[in-house]
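Q: To be precise about what I am sending: the file is called protein-v1.cif and holds mmCIF, C-alpha atoms.
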```
data_target
#
loop_
_atom_site.label_atom_id
_atom_site.label_comp_id
_atom_site.auth_asym_id
_atom_site.auth_seq_id
_atom_site.Cartn_x
_atom_site.Cartn_y
_atom_site.Cartn_z
CA MET A 1 8.43 127.28 121.12
CA GLU A 2 11.37 129.35 121.69
CA SER A 3 12.66 126.89 124.07
CA SER A 4 12.19 124.09 121.61
CA SER A 5 14.06 125.91 118.86
CA SER A 6 16.94 126.68 121.19
CA GLY A 7 16.97 123.02 122.33
CA THR A 8 17.19 121.90 118.74
CA THR A 9 20.02 124.29 118.05
CA SER A 10 21.87 123.10 121.09
CA SER A 11 21.48 119.43 120.14
CA THR A 12 22.59 120.27 116.60
CA ILE A 13 25.68 121.99 117.95
CA GLN A 14 26.37 119.05 120.24
CA SER A 15 25.92 116.54 117.45
CA SER A 16 28.06 118.56 115.04
CA SER A 17 30.76 118.90 117.67
CA GLY A 18 30.48 115.16 118.37
CA SER A 19 30.84 114.37 114.68
CA GLU A 20 33.83 116.73 114.47
CA GLU A 21 35.45 114.96 117.39
CA CYS A 22 34.73 111.63 115.76
CA LEU A 23 36.13 112.92 112.46
CA MET A 24 39.23 114.29 114.24
CA GLU A 25 39.63 110.98 116.09
CA LYS A 26 39.44 109.11 112.77
CA ARG A 27 41.99 111.46 111.20
CA LYS A 28 44.25 111.05 114.24
CA ARG A 29 44.04 107.23 114.03
CA LYS A 30 44.61 107.34 110.27
CA ARG A 31 47.67 109.60 110.76
CA MET A 32 49.01 107.29 113.50
CA LEU A 33 48.59 104.26 111.23
CA SER A 34 50.23 106.12 108.38
CA ASN A 35 53.12 107.16 110.65
CA ARG A 36 53.53 103.59 111.91
CA GLU A 37 53.58 102.25 108.35
CA SER A 38 56.09 104.92 107.32
CA ALA A 39 58.30 104.08 110.32
CA ARG A 40 58.07 100.37 109.45
CA ARG A 41 59.09 101.07 105.84
CA SER A 42 61.92 103.27 107.09
CA ARG A 43 63.17 100.50 109.43
CA MET A 44 62.96 97.94 106.62
CA LYS A 45 64.84 100.27 104.25
CA LYS A 46 67.48 100.89 106.92
CA GLN A 47 67.83 97.14 107.59
CA LYS A 48 68.20 96.42 103.85
CA LEU A 49 70.88 99.11 103.57
CA LEU A 50 72.69 97.63 106.58
CA ASP A 51 72.52 94.12 105.08
CA ASP A 52 73.83 95.41 101.74
CA LEU A 53 76.70 97.25 103.43
CA THR A 54 77.57 94.16 105.51
CA ALA A 55 77.65 92.03 102.35
CA GLN A 56 79.83 94.62 100.64
CA VAL A 57 82.24 94.70 103.61
CA ASN A 58 82.53 90.91 103.52
CA HIS A 59 83.15 90.96 99.76
CA LEU A 60 85.82 93.68 100.11
CA LYS A 61 87.52 91.80 102.97
CA LYS A 62 87.68 88.67 100.83
CA GLU A 63 89.02 90.65 97.87
CA ASN A 64 91.58 92.36 100.13
CA ASN A 65 92.79 88.99 101.44
CA GLU A 66 93.19 87.73 97.88
CA ILE A 67 95.20 90.83 96.96
CA VAL A 68 97.40 90.48 100.06
CA THR A 69 98.04 86.83 99.19
CA SER A 70 98.83 87.74 95.59
CA VAL A 71 101.23 90.48 96.68
CA SER A 72 102.92 88.08 99.10
CA ILE A 73 103.39 85.44 96.39
CA THR A 74 104.64 88.05 93.92
CA THR A 75 107.08 89.42 96.50
CA GLN A 76 108.39 85.91 97.16
CA HIS A 77 108.85 85.33 93.42
CA TYR A 78 110.62 88.69 93.13
CA LEU A 79 113.01 87.84 95.97
CA THR A 80 113.74 84.43 94.41
CA VAL A 81 114.45 85.97 91.00
CA GLU A 82 116.55 88.70 92.62
CA ALA A 83 118.64 86.06 94.43
CA GLU A 84 119.08 84.12 91.19
CA ASN A 85 120.10 87.33 89.42
CA SER A 86 122.70 88.02 92.11
CA VAL A 87 124.18 84.56 91.61
CA LEU A 88 124.17 85.02 87.84
CA ARG A 89 125.83 88.45 88.16
CA ALA A 90 128.55 86.94 90.35
CA GLN A 91 129.06 84.14 87.83
CA LEU A 92 129.19 86.69 85.02
CA ASP A 93 131.84 88.69 86.87
CA GLU A 94 133.87 85.52 87.50
CA LEU A 95 133.59 84.41 83.86
CA ASN A 96 134.52 87.90 82.63
CA HIS A 97 137.55 87.83 84.93
CA ARG A 98 138.57 84.38 83.63
CA LEU A 99 138.06 85.49 80.04
CA GLN A 100 140.18 88.58 80.62
CA SER A 101 142.90 86.43 82.20
CA LEU A 102 142.83 84.01 79.28
CA ASN A 103 142.93 86.87 76.79
CA ASP A 104 145.91 88.33 78.67
CA ILE A 105 147.68 84.97 78.52
CA ILE A 106 146.93 84.60 74.80
CA GLU A 107 148.15 88.13 74.18
CA PHE A 108 151.31 87.44 76.17
CA LEU A 109 151.94 84.17 74.35
CA ASP A 110 151.27 85.75 70.97
CA SER A 111 153.70 88.56 71.73
CA ASN A 112 156.35 86.00 72.75
CA ASN A 113 155.74 83.93 69.60
CA ASN A 114 156.22 87.01 67.49
CA ASN A 115 159.53 87.72 69.25
CA GLY A 116 160.72 84.17 68.58
CA MET A 117 161.19 83.30 72.23
CA CYS A 118 159.23 80.05 72.21
CA SER A 119 158.45 77.62 69.46
CA ASN A 120 155.58 76.01 71.42
CA PRO A 121 154.14 78.18 74.23
CA LEU A 122 152.29 75.31 75.91
CA VAL A 123 155.42 73.24 76.33
CA GLY A 124 157.70 75.24 78.61
CA LEU A 125 160.77 73.12 78.00
CA GLU A 126 161.45 74.68 74.63
CA CYS A 127 161.46 78.23 75.97
CA ASN A 128 164.60 79.98 77.12
CA ASP A 129 162.86 82.56 79.29
CA PHE A 130 162.30 81.58 82.93
CA PHE A 131 159.26 83.88 83.28
CA VAL A 132 157.57 82.31 80.23
CA ASN A 133 158.15 78.86 81.70
CA GLN A 134 156.62 79.96 85.01
CA MET A 135 153.58 81.47 83.20
CA ASN A 136 152.98 78.26 81.31
CA MET A 137 153.29 76.16 84.47
CA SER A 138 151.03 78.40 86.55
CA TYR A 139 148.50 78.45 83.72
CA MET A 140 148.46 74.65 83.63
CA MET A 141 148.38 74.31 87.41
CA ASN A 142 145.48 76.72 87.92
CA GLN A 143 143.19 75.11 85.39
CA PRO A 144 140.34 73.06 86.83
CA LEU A 145 140.26 69.37 86.02
CA MET A 146 137.41 68.53 83.73
CA ALA A 147 136.04 65.08 83.11
CA SER A 148 133.21 64.10 80.89
CA SER A 149 130.55 61.67 82.01
CA ASP A 150 131.93 59.20 79.40
CA ALA A 151 135.26 59.05 81.22
CA LEU A 152 133.58 57.94 84.42
CA LEU A 153 131.99 54.92 82.77
CA TYR A 154 135.31 53.05 82.37
#
```
Step by step, read the file and then write its structure as structure tokens.

A:
Amino acid sequence: MESSSSGTTSSTIQSSSGSEECLMEKRKRKRMLSNRESARRSRMKKQKLLDDLTAQVNHLKKENNEIVTSVSITTQHYLTVEAENSVLRAQLDELNHRLQSLNDIIEFLDSNNNNGMCSNPLVGLECNDFFVNQMNMSYMMNQPLMASSDALLY
């Protein structure tokens, strides 16, 4: 009987070691499946992140192009306004110069009227002073000719 009890023990050890191997094999397969699923989820998450970043890059590129276009248009408007301002400043300087010249002439004529040199400063024939006559003539000669649109109709 001894031999039979030792045979039973040996078959029990073999069957328990076989069931352990089977259990370890199942755990190994389960772990492999779990790892594969985790890797798949990780790849999907990574792909989603990549897609989101690509969409964001495209959106930012479009927004950047819009900003560049807006800056370009604004710069063009600025340059146009700056050119117009330069013209207006030049016209202002010219008009200020003309006004100063006219004020000088008026002041000169007023000072001559007060001295009794001329009875009518715009008509140089009544003045005795040669310089006053020359001033009146140069004033009349340097004035631009102005015509209204009504004068051109006739």

Q: Take atom CA of A:Ile106 and atom CA of A:Leu88 and report the distance between them in Å, one decimal.

A: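 Interatomic distance, atom CA of A:Ile106 to atom CA of A:Leu88: 26.2 Å.
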
Q: What gap, in Å, lies between atom CA of A:Leu95 and atom CA of A:His77?

A: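 Answer for the atom CA of A:Leu95 to atom CA of A:His77 separation: 26.5 Å.
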
Q: Do you have the atom CA of A:Ser101-atom CA of A:Ala83 distance handy?

A: 27.2 Å
